[in-house]
Amino acid sequence: MPSRSFIVIALSVLVLGYIGLNFLVKWMYPKQLFPFPESSYQSLPGLTFVETDLGNQIAFIYLPNPSSGGPLLFYFHGNGEDIGMNEERFQWFIDQGYSVLALDYPSYGQSTGKPTASSIREATHAVWNYARDQLGADAGSTVLWGRSLGGAPATWLAAEDRFGGLVLESTFRSVFAVANLPFPLFLAEPFPTENLISEVISPVYLFHGRRDRIIPYSHSEKLAAAAGENASLVLFEEGTHNDLRFVGGKEMENALQSLKESIQTQNAESP
């Protein structure tokens, strides 16, 4: 039988190892979570800046639809990219009858600051407040679309109000779930999307590729289960992480049209 001193030493090593692992993860996950490139642009059509409460200058664009009366789509891009890399996607949204609002997170594109969960939420709030106060945006006439990392701030904002819809493309249920750790950490989850999505009262569409090797499609399955009856989940057999618009563009367009028609119907019925 092991001696008492051996048991004490073994337990101490386990405890210290666990604490050390927590600090290691705390140091590493921001570096792994936010690998942002150099800005792909100097200027863009509709480019504007707004300051957050943290003092960061956040770059965003607003592209009104040429046809008046269309709803707004607030887009949250994925990692390793910025709004300058998404001009073709923005045109796709416009072709579906939407105006487009999209931001760059702190340190992405022309935005300043350090990317963290809290600074991204601050940036989201700052841009959305500007859209409401300066552009006349309304939550009920706005669809939030988050791709990959962007699904986290999109869901966080969707949980605050009744938006016209929430679309999640290849997104994760939580940061630590992506890490696939065998036991929980005492660190606070930076993006608790799975918990927040249960508070979303808007229609939710989730799209994911079964061949996604970056974020497994099981994340969207669990998000859909947490969202409940509000959610519609579409899995693409041939889809990977970055090609869903080309693999499943028609299904996505159908979702956009359904959300647009629902918004227009509600607006027509409002006094």
# chains A, B, ... in the order shown; residues from 1 in each chain; ligands from 1
>>> residues_around(residues="range 83-93 of chain A", least_positions_apart="6", cutoff="7 Å", atoms="only C-alpha atoms", output="list in words")
Ser40, Tyr41, Val100, Ala102, Leu103 and Asp104 of chain A
>>> closest_atom_pairs(of="range 170-266 of chain A", to="range 133-156 of chain A", cutoff="7 Å", atoms="only C-alpha atoms", output="tab-separated table")
residue	atom	partner	partner_atom	distance
A:Ser170	CA	A:Ser148	CA	4.9
A:Thr171	CA	A:Ser148	CA	3.9
A:Phe172	CA	A:Ser148	CA	6.6
A:Phe191	CA	A:Ala152	CA	5.9
A:Thr193	CA	A:Ala152	CA	5.7
A:Leu196	CA	A:Trp156	CA	6.4
A:Ile197	CA	A:Thr155	CA	6.2
A:Ile263	CA	A:Ser141	CA	5.8
>>> write_last_selection(atoms="C-alpha atoms", output="CSV table (one decimal), in the first residue's frame")
chain,number,residue,atom,x,y,z
A,170,SER,CA,-19.9,26.2,-39.4
A,171,THR,CA,-19.7,27.6,-35.9
A,172,PHE,CA,-18.7,26.1,-32.5
A,191,PHE,CA,-17.9,32.2,-25.8
A,193,THR,CA,-22.7,29.9,-27.4
A,196,LEU,CA,-26.8,31.6,-25.0
A,197,ILE,CA,-28.6,30.0,-27.9
A,263,ILE,CA,-39.8,40.1,-41.8
>>> residues_around(residues="range 208-217 of chain A", least_positions_apart="3", cutoff="7 Å", atoms="only C-alpha atoms", output="ChimeraX atom specification")
/A:169-172,178,220-221,234-241,244
>>> write_last_selection(atoms="N, CA and C atoms", output="JSON list (two decimals), in the first residue's frame")
[["chain", "number", "residue", "atom", "x", "y", "z"],
["A", 169, "GLU", "N", -23.21, 29.51, -39.44],
["A", 169, "GLU", "CA", -22.54, 28.73, -40.48],
["A", 169, "GLU", "C", -21.21, 28.19, -39.94],
["A", 170, "SER", "N", -21.13, 26.88, -39.81],
["A", 170, "SER", "CA", -19.88, 26.21, -39.41],
["A", 170, "SER", "C", -19.33, 26.76, -38.10],
["A", 171, "THR", "N", -20.20, 26.93, -37.12],
["A", 171, "THR", "CA", -19.74, 27.57, -35.89],
["A", 171, "THR", "C", -19.60, 26.56, -34.76],
["A", 172, "PHE", "N", -18.98, 26.99, -33.65],
["A", 172, "PHE", "CA", -18.73, 26.10, -32.52],
["A", 172, "PHE", "C", -19.68, 26.38, -31.38],
["A", 178, "VAL", "N", -14.23, 22.89, -28.54],
["A", 178, "VAL", "CA", -13.39, 22.69, -29.71],
["A", 178, "VAL", "C", -12.06, 22.07, -29.29],
["A", 220, "SER", "N", -22.89, 21.94, -34.36],
["A", 220, "SER", "CA", -24.17, 22.49, -34.81],
["A", 220, "SER", "C", -25.34, 21.62, -34.37],
["A", 221, "GLU", "N", -25.13, 20.32, -34.30],
["A", 221, "GLU", "CA", -26.19, 19.44, -33.81],
["A", 221, "GLU", "C", -26.56, 19.77, -32.37],
["A", 234, "VAL", "N", -29.27, 22.14, -41.15],
["A", 234, "VAL", "CA", -28.98, 21.56, -42.45],
["A", 234, "VAL", "C", -27.52, 21.13, -42.47],
["A", 235, "LEU", "N", -27.28, 19.84, -42.71],
["A", 235, "LEU", "CA", -25.93, 19.31, -42.82],
["A", 235, "LEU", "C", -25.66, 18.93, -44.27],
["A", 236, "PHE", "N", -24.52, 19.37, -44.78],
["A", 236, "PHE", "CA", -24.17, 19.10, -46.17],
["A", 236, "PHE", "C", -23.15, 17.95, -46.22],
["A", 237, "GLU", "N", -23.51, 16.90, -46.93],
["A", 237, "GLU", "CA", -22.68, 15.70, -46.97],
["A", 237, "GLU", "C", -21.27, 16.00, -47.46],
["A", 238, "GLU", "N", -21.12, 16.86, -48.45],
["A", 238, "GLU", "CA", -19.82, 17.14, -49.05],
["A", 238, "GLU", "C", -19.18, 18.40, -48.51],
["A", 239, "GLY", "N", -19.84, 19.05, -47.57],
["A", 239, "GLY", "CA", -19.34, 20.34, -47.09],
["A", 239, "GLY", "C", -18.16, 20.23, -46.15],
["A", 240, "THR", "N", -17.19, 21.14, -46.31],
["A", 240, "THR", "CA", -16.08, 21.27, -45.38],
["A", 240, "THR", "C", -16.26, 22.59, -44.62],
["A", 241, "HIS", "N", -15.19, 23.13, -44.07],
["A", 241, "HIS", "CA", -15.37, 24.30, -43.22],
["A", 241, "HIS", "C", -15.57, 25.59, -44.00],
["A", 244, "LEU", "N", -19.17, 26.14, -47.70],
["A", 244, "LEU", "CA", -20.61, 25.88, -47.62],
["A", 244, "LEU", "C", -21.42, 26.76, -48.56]]
>>> select_by_dssp(residues="range 97-220 of chain A", states="alpha helix (DSSP H)", output="PyMOL selection string")
chain A and resi 117-135+151-158+175-179+193-196+218-220
>>> atom_distance(atom1="CA of Asn56 in chain A", atom2="CA of Glu160 in chain A")
22.4 Å
>>> residues_around(residues="Gly113 in chain A", least_positions_apart="5", cutoff="9 Å", atoms="only C-alpha atoms", output="PyMOL selection string")
chain A and resi 54-58+105-108+119
>>> select_by_dssp(residues="range 149-269 of chain A", states="strand (DSSP E)", output="VMD selection string")
chain A and resid 165 to 169 204 to 209 231 to 236
>>> closest_residue(among="A:Arg245, A:Lys250, A:His219, A:His125", to="Leu233 in chain A", atoms="only C-alpha atoms")
A:His219
